[in-house]
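Following: one structure in structure tokens, then a few remarks.
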Amino acid sequence: MRWNGWGDPDRAAPLPDSVVGLLRELLGVRPDPVPPVPLAEVAPPAPAPVVRALTEIVGPDAVLTDDEARIRHTRGKSTPDLLRIRAGDAGAAPDAVVLPAGHEEVLAVLDRCSRERVAVVPFGGGTSVVGGLAAAGEGFAGVVALDLRRLDRVTALDTVARTATLQAGLRAPRAEALLAERGFTLGHYPQSYEWATIGGFAATRSSGQASAGYGRFDEMVAGLTVATPRGTLTLGRAPKSAAGPDLRELVLGSEGAFGVITDVTVRIRPLPEQRRYEGWRFPTFAEGTAAVRALAQDGPMPTVLRLSDETETMIGLARPGEIGGTHGGGCLAVCGYEGGPDDVAARRAGAHAALTAHGGEPLGDAPGESWAAGRYSAPYLRDALLDVGAFAETLETAGFWSALPRLADAVRQTLSRELPSSLVMCHISHVYRDGASLYFTVVTAQGDDPVGRWRRAKAAVSDAIVEAGGTITHHHGVGTDHRAWLAREIGPLGVDVLRAVKDRLDPAGILNPGVLIPPAGG
């Protein structure tokens, strides 16, 4: 992973000159921003002396204190995160990076850190875009990043129940490869797929691009093992249970604030024999939304179902590898089908009839295959925009179908008001029988204070989301960015419940402090 950007450095590519020219003309982007500070010139603060006690647990080779390791574990991958690190700001770097080899070592690290008041930030792929790795270190003896990369095995595979137990530090592509060797798939492909980990998926309630067919990650989870400063939670004895509230739901989405997930038992499926992706065009976003809703509610449900609005379609963001090309008018929908040949054929035929009845125009396989080929490319495009002086960021929400038009309008209008001379794009990324998520991308000029400007705009948009009846986040998580609006969404009593759980499992408050849990009086 690039230390000051996204993904594989060899896949970074500059924007075409034609796109740079349009950014200058339409948005006032200055094409010669200040270049990023070189890694060798980034100087994190001197580390606090927290190392000796931890080397006794994991060994001296598994505690890293060099500048580069600390810088690579600083914050996440949101646009504000990258702008700060590109400017040489590593003030939030952890004092050390700790690499435990298993559950017992995680337990021991948490116990020692709790007794010595050292804050612990669980670290998987480092892909958070909502401040999920921005622990508040004030009042602690130090901060360590607990990197789970050594917990990277499939420890059990039950071919009868079709479940697999995966260690939390296992990255998604490796997990898929190991499952494929036995003829299975997890089917979880979020945009962060190439870098994110199994534990991170569970801790943030991740949702993959094929969620229409495979479900969200939390729906795939059958069991969890969690290390806390108070001991181990082992959850999930059966597929479903009436033995009180399901404590798995307490851990899913907890973002490392209640404990460190060390392994996850997931539901798996046979590898699909066939994958087909295709494109459809609708005259307007409203008409496309009605068609997507019809499939979600009445079927047949594709495995992948997405709809871009008019602006996103025109720009070509649904097909990142073709930015700057000619994409025509209307709204592009992408439908994908995975499974056996007969199942794929039947669902395609049924979906074709439904989409045609709602005014859809079939575009053939090319748009769908183009989307599939570039489905993980958008973060690279974001970095290329930063390189030329543009600011690009995303946000997402979800609501019931009846509230979706008002929710979409509220976000678009607020972004356009708070960020004049900006380009605002939207797509429906995940669908359910009763509603859907909305994923927004905004591009504007960086200006003199891009981080502060975005912070103000994001606050206004978050207010608009709550007022329009949407959730503050569908799959990015709460982190630090959304804490205040989480409090408004779940109410004071809900916040008290979260604090009570935190106090019971983590009485010293060392686990990812400042993340998820709204502060008292906040």
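Order determines the names: the first chain of the structure tokens is A, the second B, and so forth; residues in each chain are numbered 1 upward, and ligands are numbered 1 upward as they are shown.
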
Please report, as a tab-separated table, each residue of range 388-474 of chain A lying at most 7 Å from range 306-309 of chain A, together with the nearest pair of atoms and the separation in Å rounded to one decimal; use only C-alpha atoms, and order rows by chain and ascending residue number.
residue	atom	partner	partner_atom	distance
A:Met425	CA	A:Asp309	CA	6.8
A:Cys426	CA	A:Asp309	CA	5.6
A:His427	CA	A:Ser308	CA	4.2
A:Ile428	CA	A:Leu307	CA	5.1
A:Ser429	CA	A:Arg306	CA	5.1
A:His430	CA	A:Arg306	CA	6.9

Contact residues around range 376-386 of chain A with only C-alpha atoms at 7 Å, ignoring same-chain residues under 6 positions, as a VMD selection string
chain A and resid 5 to 6 12 to 15 191 320 392

Write the selection just made, keeping all heavy atoms, as a tab-separated table (two decimals), in the first residue's frame?
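Below is the file that was written, out28.tsv:
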chain	number	residue	atom	x	y	z
A	5	GLY	N	-0.97	7.40	-0.29
A	5	GLY	CA	-2.01	7.27	-1.30
A	5	GLY	C	-2.66	5.91	-1.19
A	5	GLY	O	-2.55	5.23	-0.17
A	6	TRP	N	-3.31	5.51	-2.26
A	6	TRP	CA	-4.05	4.24	-2.24
A	6	TRP	C	-3.32	3.19	-3.05
A	6	TRP	O	-2.86	3.44	-4.16
A	6	TRP	CB	-5.45	4.43	-2.84
A	6	TRP	CG	-6.24	3.16	-2.84
A	6	TRP	CD1	-6.34	2.25	-3.86
A	6	TRP	CD2	-6.98	2.62	-1.76
A	6	TRP	NE1	-7.12	1.19	-3.48
A	6	TRP	CE2	-7.53	1.39	-2.19
A	6	TRP	CE3	-7.25	3.06	-0.46
A	6	TRP	CZ2	-8.33	0.59	-1.37
A	6	TRP	CZ3	-8.04	2.28	0.36
A	6	TRP	CH2	-8.58	1.07	-0.10
A	12	ALA	N	-0.70	3.37	-10.06
A	12	ALA	CA	-1.05	4.79	-10.11
A	12	ALA	C	-0.80	5.32	-11.51
A	12	ALA	O	0.21	5.02	-12.15
A	12	ALA	CB	-0.21	5.56	-9.09
A	13	ALA	N	-1.75	6.11	-12.02
A	13	ALA	CA	-1.64	6.64	-13.38
A	13	ALA	C	-2.12	8.09	-13.40
A	13	ALA	O	-3.10	8.43	-12.72
A	13	ALA	CB	-2.46	5.80	-14.35
A	14	PRO	N	-1.46	8.96	-14.16
A	14	PRO	CA	-1.90	10.35	-14.23
A	14	PRO	C	-3.18	10.50	-15.02
A	14	PRO	O	-3.54	9.63	-15.84
A	14	PRO	CB	-0.73	11.04	-14.93
A	14	PRO	CG	-0.11	9.96	-15.78
A	14	PRO	CD	-0.26	8.70	-14.98
A	15	LEU	N	-3.87	11.61	-14.78
A	15	LEU	CA	-5.09	11.90	-15.55
A	15	LEU	C	-4.73	12.31	-16.97
A	15	LEU	O	-3.67	12.93	-17.20
A	15	LEU	CB	-5.85	13.05	-14.89
A	15	LEU	CG	-6.52	12.78	-13.55
A	15	LEU	CD1	-7.13	14.07	-13.01
A	15	LEU	CD2	-7.60	11.72	-13.68
A	191	GLN	N	-15.05	-2.02	-2.46
A	191	GLN	CA	-14.03	-1.31	-3.24
A	191	GLN	C	-12.64	-1.45	-2.60
A	191	GLN	O	-11.62	-1.38	-3.28
A	191	GLN	CB	-14.40	0.16	-3.38
A	191	GLN	CG	-13.64	0.87	-4.48
A	191	GLN	CD	-14.26	2.22	-4.79
A	191	GLN	OE1	-14.02	3.20	-4.09
A	191	GLN	NE2	-15.08	2.27	-5.82
A	320	PRO	N	-14.35	3.61	-14.26
A	320	PRO	CA	-13.21	4.49	-14.02
A	320	PRO	C	-12.11	4.41	-15.06
A	320	PRO	O	-11.39	5.38	-15.27
A	320	PRO	CB	-12.70	4.03	-12.64
A	320	PRO	CG	-13.87	3.42	-11.98
A	320	PRO	CD	-14.65	2.76	-13.08
A	392	ALA	N	-11.25	15.38	-4.19
A	392	ALA	CA	-12.29	14.38	-4.47
A	392	ALA	C	-12.53	13.57	-3.21
A	392	ALA	O	-11.59	13.10	-2.58
A	392	ALA	CB	-11.87	13.47	-5.61

Contacts of range 125-140 of chain A at 7 Å (only C-alpha atoms; same-chain gap of 3+ positions) as a ChimeraX atom specification:
/A:75-78,117-119,121,143,192,195-197,476-481,512-515

Would you export the selected residues with N, CA, C and O atoms as a short mmCIF file (atom, residue, chain, number, x, y, z; two decimals), in the first residue's frame, please?
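So selection19.cif came out as:
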data_model
loop_
_atom_site.label_atom_id
_atom_site.label_comp_id
_atom_site.auth_asym_id
_atom_site.auth_seq_id
_atom_site.Cartn_x
_atom_site.Cartn_y
_atom_site.Cartn_z
N ARG A 75 -3.28 7.24 10.65
CA ARG A 75 -4.61 7.54 10.09
C ARG A 75 -5.00 6.48 9.05
O ARG A 75 -4.50 5.37 9.06
N GLY A 76 -5.97 6.86 8.19
CA GLY A 76 -6.47 5.94 7.19
C GLY A 76 -6.27 6.47 5.80
O GLY A 76 -5.23 7.08 5.48
N LYS A 77 -7.29 6.29 4.93
CA LYS A 77 -7.15 6.64 3.53
C LYS A 77 -8.26 7.58 3.03
O LYS A 77 -8.57 7.59 1.84
N SER A 78 -8.85 8.36 3.91
CA SER A 78 -9.77 9.39 3.44
C SER A 78 -8.97 10.48 2.75
O SER A 78 -7.74 10.58 2.91
N ARG A 117 -2.01 1.82 30.76
CA ARG A 117 -2.72 2.91 30.10
C ARG A 117 -2.06 3.33 28.79
O ARG A 117 -1.72 4.49 28.56
N VAL A 118 -1.91 2.34 27.91
CA VAL A 118 -1.43 2.56 26.56
C VAL A 118 -2.60 2.33 25.60
O VAL A 118 -3.23 1.26 25.63
N ALA A 119 -2.92 3.29 24.79
CA ALA A 119 -4.03 3.17 23.84
C ALA A 119 -3.65 2.21 22.71
O ALA A 119 -2.50 2.17 22.27
N VAL A 121 -4.81 0.76 18.86
CA VAL A 121 -5.59 0.93 17.64
C VAL A 121 -5.50 -0.35 16.82
O VAL A 121 -4.44 -0.63 16.24
N VAL A 143 0.50 5.32 22.38
CA VAL A 143 -0.46 4.72 21.45
C VAL A 143 0.28 3.69 20.61
O VAL A 143 1.35 3.98 20.06
N SER A 192 -12.60 -1.68 -1.29
CA SER A 192 -11.33 -1.86 -0.58
C SER A 192 -10.82 -3.29 -0.65
O SER A 192 -9.82 -3.62 0.01
N TRP A 195 -7.14 -4.70 -0.38
CA TRP A 195 -6.27 -4.37 0.74
C TRP A 195 -6.91 -4.65 2.10
O TRP A 195 -6.19 -4.81 3.10
N ALA A 196 -8.21 -4.70 2.18
CA ALA A 196 -8.89 -4.84 3.47
C ALA A 196 -8.80 -6.26 3.98
O ALA A 196 -8.50 -7.21 3.24
N THR A 197 -9.10 -6.42 5.28
CA THR A 197 -8.96 -7.71 5.95
C THR A 197 -10.31 -8.22 6.45
O THR A 197 -11.27 -7.46 6.58
N HIS A 476 -19.42 2.68 5.47
CA HIS A 476 -18.10 3.22 5.77
C HIS A 476 -17.78 3.16 7.26
O HIS A 476 -16.61 3.11 7.64
N GLY A 477 -18.80 3.19 8.10
CA GLY A 477 -18.58 3.16 9.53
C GLY A 477 -18.68 4.53 10.17
O GLY A 477 -18.88 5.56 9.51
N VAL A 478 -18.51 4.55 11.48
CA VAL A 478 -18.66 5.78 12.26
C VAL A 478 -17.32 6.48 12.43
O VAL A 478 -17.19 7.68 12.16
N GLY A 479 -16.30 5.75 12.89
CA GLY A 479 -15.00 6.35 13.12
C GLY A 479 -15.09 7.53 14.07
O GLY A 479 -15.83 7.52 15.05
N THR A 480 -14.32 8.56 13.77
CA THR A 480 -14.45 9.83 14.50
C THR A 480 -15.32 10.81 13.73
O THR A 480 -15.94 11.69 14.32
N ASP A 481 -15.40 10.64 12.41
CA ASP A 481 -16.11 11.61 11.58
C ASP A 481 -17.60 11.67 11.86
O ASP A 481 -18.22 12.73 11.75
N ASN A 512 -9.04 1.89 20.88
CA ASN A 512 -9.42 2.88 19.86
C ASN A 512 -10.16 4.07 20.48
O ASN A 512 -11.27 4.40 20.06
N PRO A 513 -9.58 4.73 21.47
CA PRO A 513 -10.29 5.80 22.16
C PRO A 513 -10.67 6.93 21.21
O PRO A 513 -9.88 7.31 20.33
N GLY A 514 -11.87 7.44 21.37
CA GLY A 514 -12.36 8.52 20.52
C GLY A 514 -13.10 8.05 19.29
O GLY A 514 -13.74 8.84 18.60
N VAL A 515 -13.01 6.74 18.98
CA VAL A 515 -13.68 6.19 17.80
C VAL A 515 -15.01 5.57 18.22
O VAL A 515 -15.11 4.93 19.26
#

Which parts of range 197-407 of chain A does DSSP call strand (DSSP E) when run on the backbone here, written out as an MDAnalysis selection string?
chainID A and resid 221:228 231:235 260:267 269:270 274:282 304:308 331:339 361:364 390:400

Restricting the calculation to only C-alpha atoms: of A:Cys113, A:Leu39, A:Leu99, A:Val264, which residue gets closest to Val154 in chain A?
A:Val264

Selection near range 275-282 of chain A, 10 Å with only C-alpha atoms, sequence-local residues under 4 positions removed, as number ranges by chain:
A: 286-289, 291, 302-310, 313, 328-341, 344-345, 348, 352, 355-356, 358-372

DSSP-assigned alpha helix (DSSP H) among range 82-313 of chain A, expressed as an MDAnalysis selection string:
chainID A and resid 82:86 103:116 172:180 198:204 211:214 217:220 248:251 285:298 310:313
